[in-house]
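Trainee: Input: one structure, supplied below.
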Amino acid sequence: MTREKPSFRDELEQLEAIVRQLEDPDVDLDRALELFEEGVRRLKVARTLLEQSELTVKRVLQDADGTIRTDELER
Amino acid sequence: MADVTRRARQLIEAGFDRLWVRGEVTSFKSYRSGHWYFTLRDAQAQVRCVMWRGDNQRLPTSPEDGMEVFVHARPTLWEERGEFRLTVKQLIPTAEGGLWQLQLERAKAALERDGLLDPARKRPLPPYPERIAVVTSPDGAALRDIVSVLERRWPAVELWVVPTLVQGDGAEDELCAALEMVNALPEMDLAIVGRGGGSREDLWAFNSEQVARAVAAVRVPIISAVGHETDVSLTDLVADVRAPTPSAAAEAAVPDRAATQDRVGALARRLARGLGNQAELGKERLERTADRLGAAVQRQVEARRHRLEGLSGKLDALSPLRVLQRGYAVARDEAGRVLKRAAQFSPGLPFRLELADGEVRARTLEDDA
């Protein structure tokens, strides 16, 4: 039941943290390059999520024994 | 007299709690002071009523003679006239809602007492929800509206529909159970409870005190969206956000894609600029290092030059020419040999004296001359 998708919020928060570190003039160039590369990766994930066009809709069901499960809702 | 009426008033006030009374309004009069005086009667009895300005000014309008109303009132006695009367705190016409409205007012008062209507309870909605629970009918217009708004605006979410009846027998219990189930769902960020428009009676489950309490007990921020714009339901009052329609609830639930694109774009620019600045800084550092290196080399060269000059000075000092400059002369014979001892100067010997600026020819004087 856990999420399979990366979290937009996490990506955005990480990206902001990376940008802040990169903007620190004391960071050395090797580290800056690392940060930049990671930032680009996160940016890509965030943009993919932004461009996602398919909404997932599930129906919550409860079995007789109280177990909760979900199935795809027909639309 | 005064003693009797005062004791009667005390007895009456002590003997009654506030109560709801239904009756027909007659002899209604609104005074310049803003207080209302009227009589409430039914087939069997009548009683004088007063509703103070502070209590009646919240009402949209005053009642008319002949209108049937519920009043929430405290029985008392007007001592000066020895007249039994009701001090009315609330007045609700029975038409247009009537009993429904009365029930709503009672439920609202109960929620208010328990602090569930306190604005301080309201939680902010998460900026980027990923999993949203919707408590509604799986076949209703509300769900269709919510799905279509999310598809357009922010499809990067999972919508979990918790199915429930939203009207008719059993709707209240099902709504409560569904709301309770939201608390059992994993990693839920936000919930929406609601339904599309309908008659007052259709929407009534959302004015149930029990359902309102179930909404208040949901552990994630919850949006209530009941009906179409007009009436505010009890669930609206206890939810963190009230949306006038299910579509509006979906709009409130997710971020705006364009605004978020801007935000991501701004981060991308800062990222690029950040790296550019770092590269620039690196270059400057490199240049500073090169300058320092150059300066060091320069210093070395300088030191060597000084040393060389020092050495050449010494070399100069050793040259015979420098000795001659101090006033010494070198004597050489005709063959150019240096004459160092007096014995070498035999009488009459011609020789040359070498001075700093030239030569002088000379001869040793004869003995006894």
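Chain identifiers are assigned as A, B, and so on, following the order in which chains appear in the structure tokens; residues are numbered from 1 within each chain, and ligands are numbered from 1 in order of appearance.
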Write out as a ChimeraX atom specification each polymer residue whose atoms come within 12 Å of Glu11 of chain A, counting only C-alpha atoms; drop sequence neighbours fewer than 2 positions from it.
Mentor: /A:5-9,13-18,38-50 /B:128,264,267
Trainee: DSSP on the backbone, strand (DSSP E or B) only: what residues of chain A does that give? Format it as number ranges by chain.
Mentor: A: 56-62, 68-72
Trainee: List every residue of chain B that has an atom at most 9 Å from any atom of chain A, and for each one report the closest atom pair and its distance in Å to one decimal, counting only C-alpha atoms, with rows sorted by chain and then by increasing residue number, as CSV.
Mentor:
residue,atom,partner,partner_atom,distance
B:Pro127,CA,A:Arg9,CA,8.1
B:Tyr128,CA,A:Arg9,CA,5.8
B:Pro129,CA,A:Arg9,CA,8.0
B:Glu130,CA,A:Ser7,CA,7.3
B:Arg131,CA,A:Arg3,CA,8.7
B:Pro138,CA,A:Arg59,CA,8.3
B:Arg144,CA,A:Arg75,CA,8.8
B:Val147,CA,A:Leu55,CA,7.9
B:Leu150,CA,A:Leu55,CA,7.3
B:Glu151,CA,A:Leu55,CA,5.8
B:Arg152,CA,A:Ser53,CA,8.0
B:Trp154,CA,A:Leu50,CA,7.7
B:Pro155,CA,A:Leu55,CA,4.5
B:Ala156,CA,A:Gln52,CA,6.0
B:Val157,CA,A:Leu55,CA,6.3
B:Glu158,CA,A:Thr56,CA,4.8
B:Leu159,CA,A:Val57,CA,4.7
B:Trp160,CA,A:Lys58,CA,4.8
B:Val161,CA,A:Arg59,CA,4.7
B:Val162,CA,A:Val60,CA,5.2
B:Pro163,CA,A:Val60,CA,7.2
B:Met181,CA,A:Ile68,CA,8.7
B:Ala184,CA,A:Ile68,CA,8.3
B:Leu185,CA,A:Ile68,CA,8.0
B:Pro186,CA,A:Met1,CA,7.0
B:Glu187,CA,A:Thr2,CA,7.4
B:Arg257,CA,A:Leu50,CA,7.2
B:Thr260,CA,A:Leu50,CA,8.2
B:Gln261,CA,A:Leu50,CA,7.4
B:Val264,CA,A:Leu43,CA,7.5
B:Leu267,CA,A:Glu16,CA,7.0
B:Ala268,CA,A:Leu43,CA,7.0
B:Arg270,CA,A:Val19,CA,6.5
B:Leu271,CA,A:Val19,CA,5.4
B:Ala272,CA,A:Phe36,CA,7.7
B:Arg273,CA,A:Glu23,CA,8.4
B:Gly274,CA,A:Glu23,CA,5.2
B:Leu275,CA,A:Ala32,CA,6.4
B:Asn277,CA,A:Glu23,CA,8.0
B:Gln278,CA,A:Leu29,CA,6.3
B:Ala279,CA,A:Leu29,CA,6.8
B:Leu281,CA,A:Pro25,CA,7.8
B:Gly282,CA,A:Leu29,CA,6.5
Trainee: Could those residues be written to a file, using C-alpha atoms, as a PDB file, in the first residue's frame?
Mentor:
ATOM      1  CA  PRO B 127       0.868  22.083  -0.491  1.00  0.00           C
ATOM      2  CA  TYR B 128       1.578  18.963  -2.572  1.00  0.00           C
ATOM      3  CA  PRO B 129      -0.709  16.114  -1.513  1.00  0.00           C
ATOM      4  CA  GLU B 130       0.003  12.756  -3.075  1.00  0.00           C
ATOM      5  CA  ARG B 131      -2.802  10.656  -1.735  1.00  0.00           C
ATOM      6  CA  PRO B 138     -18.901   6.236  -6.058  1.00  0.00           C
ATOM      7  CA  ARG B 144     -16.984  12.814 -11.439  1.00  0.00           C
ATOM      8  CA  VAL B 147     -11.827  13.466 -10.944  1.00  0.00           C
ATOM      9  CA  LEU B 150      -7.734  16.686 -10.746  1.00  0.00           C
ATOM     10  CA  GLU B 151      -7.082  15.302 -14.230  1.00  0.00           C
ATOM     11  CA  ARG B 152      -6.890  18.800 -15.590  1.00  0.00           C
ATOM     12  CA  TRP B 154      -2.823  18.034 -10.945  1.00  0.00           C
ATOM     13  CA  PRO B 155      -2.988  14.366 -11.933  1.00  0.00           C
ATOM     14  CA  ALA B 156       0.125  13.394  -9.936  1.00  0.00           C
ATOM     15  CA  VAL B 157      -2.061  12.128  -7.083  1.00  0.00           C
ATOM     16  CA  GLU B 158      -3.734   8.933  -6.015  1.00  0.00           C
ATOM     17  CA  LEU B 159      -7.394   9.403  -5.318  1.00  0.00           C
ATOM     18  CA  TRP B 160      -8.804   6.841  -2.901  1.00  0.00           C
ATOM     19  CA  VAL B 161     -12.574   6.715  -3.006  1.00  0.00           C
ATOM     20  CA  VAL B 162     -14.204   5.598   0.223  1.00  0.00           C
ATOM     21  CA  PRO B 163     -17.716   4.729  -0.926  1.00  0.00           C
ATOM     22  CA  MET B 181     -11.998   4.448   7.739  1.00  0.00           C
ATOM     23  CA  ALA B 184      -7.065   3.658   8.849  1.00  0.00           C
ATOM     24  CA  LEU B 185      -5.732   4.382   5.349  1.00  0.00           C
ATOM     25  CA  PRO B 186      -1.955   4.530   4.925  1.00  0.00           C
ATOM     26  CA  GLU B 187      -0.046   7.708   4.041  1.00  0.00           C
ATOM     27  CA  ARG B 257       0.147  23.353 -12.200  1.00  0.00           C
ATOM     28  CA  THR B 260       4.238  25.064  -9.739  1.00  0.00           C
ATOM     29  CA  GLN B 261       5.857  24.993 -13.164  1.00  0.00           C
ATOM     30  CA  VAL B 264      10.293  24.564 -10.670  1.00  0.00           C
ATOM     31  CA  LEU B 267      14.704  26.511  -9.168  1.00  0.00           C
ATOM     32  CA  ALA B 268      16.183  25.322 -12.464  1.00  0.00           C
ATOM     33  CA  ARG B 270      18.936  29.150  -9.681  1.00  0.00           C
ATOM     34  CA  LEU B 271      20.621  25.773 -10.124  1.00  0.00           C
ATOM     35  CA  ALA B 272      22.249  26.826 -13.394  1.00  0.00           C
ATOM     36  CA  ARG B 273      23.228  30.222 -12.026  1.00  0.00           C
ATOM     37  CA  GLY B 274      24.575  28.576  -8.888  1.00  0.00           C
ATOM     38  CA  LEU B 275      26.897  26.380 -10.912  1.00  0.00           C
ATOM     39  CA  ASN B 277      28.814  31.355 -10.131  1.00  0.00           C
ATOM     40  CA  GLN B 278      30.814  28.495  -8.684  1.00  0.00           C
ATOM     41  CA  ALA B 279      32.715  28.107 -11.969  1.00  0.00           C
ATOM     42  CA  LEU B 281      34.602  31.698  -8.433  1.00  0.00           C
ATOM     43  CA  GLY B 282      36.827  28.733  -9.309  1.00  0.00           C
TER      44      GLY B 282
END
Trainee: At a cut-off of 8 Å, using only C-alpha atoms, what residues contact Cys176 of chain B? Leave out same-chain residues fewer than 5 positions from it and give the result as a PyMOL selection string.
Mentor: chain B and resi 210-211+214-215
Trainee: Export all heavy atoms of the chosen residues as a PDB file, in the first residue's frame?
Mentor:
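Printed below is again_3.pdb as written:
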ATOM      1  N   GLN B 210     -23.723  13.811  14.459  1.00  0.00           N
ATOM      2  CA  GLN B 210     -22.864  12.620  14.489  1.00  0.00           C
ATOM      3  C   GLN B 210     -21.852  12.656  13.324  1.00  0.00           C
ATOM      4  O   GLN B 210     -20.663  12.397  13.508  1.00  0.00           O
ATOM      5  CB  GLN B 210     -23.817  11.417  14.357  1.00  0.00           C
ATOM      6  CG  GLN B 210     -23.216  10.055  14.386  1.00  0.00           C
ATOM      7  CD  GLN B 210     -24.218   9.017  13.823  1.00  0.00           C
ATOM      8  OE1 GLN B 210     -25.354   9.345  13.462  1.00  0.00           O
ATOM      9  NE2 GLN B 210     -23.778   7.772  13.749  1.00  0.00           N
ATOM     10  N   VAL B 211     -22.331  13.003  12.130  1.00  0.00           N
ATOM     11  CA  VAL B 211     -21.437  13.070  10.967  1.00  0.00           C
ATOM     12  C   VAL B 211     -20.424  14.214  11.145  1.00  0.00           C
ATOM     13  O   VAL B 211     -19.235  14.060  10.861  1.00  0.00           O
ATOM     14  CB  VAL B 211     -22.247  13.242   9.651  1.00  0.00           C
ATOM     15  CG1 VAL B 211     -21.317  13.481   8.475  1.00  0.00           C
ATOM     16  CG2 VAL B 211     -23.119  12.012   9.413  1.00  0.00           C
ATOM     17  N   ALA B 214     -17.730  13.068  13.246  1.00  0.00           N
ATOM     18  CA  ALA B 214     -16.844  12.141  12.521  1.00  0.00           C
ATOM     19  C   ALA B 214     -15.893  12.921  11.613  1.00  0.00           C
ATOM     20  O   ALA B 214     -14.714  12.562  11.464  1.00  0.00           O
ATOM     21  CB  ALA B 214     -17.671  11.140  11.717  1.00  0.00           C
ATOM     22  N   VAL B 215     -16.380  14.015  11.021  1.00  0.00           N
ATOM     23  CA  VAL B 215     -15.517  14.869  10.192  1.00  0.00           C
ATOM     24  C   VAL B 215     -14.421  15.484  11.064  1.00  0.00           C
ATOM     25  O   VAL B 215     -13.237  15.489  10.713  1.00  0.00           O
ATOM     26  CB  VAL B 215     -16.336  15.977   9.486  1.00  0.00           C
ATOM     27  CG1 VAL B 215     -15.424  17.034   8.874  1.00  0.00           C
ATOM     28  CG2 VAL B 215     -17.238  15.367   8.410  1.00  0.00           C
TER      29      VAL B 215
END
Trainee: Excluding Gln344 of chain B and any residue of its chain fewer than 6 positions from it, enumerate the residues within 12 Å of it, using only C-alpha atoms, and give them as a PyMOL selection string.
Mentor: chain B and resi 331-333+337-338+350-351+364
Trainee: What's the separation between atom CA of Ala217 of chain B and atom CA of Val166 of chain B, in Å to one decimal place?
Mentor: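 These two atoms are separated by 18.4 Å.
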Trainee: Please extract the residues of chain A with a backbone DSSP assignment of helix (DSSP H, G or I) and present them as a ChimeraX atom specification.
Mentor: /A:8-22,29-51
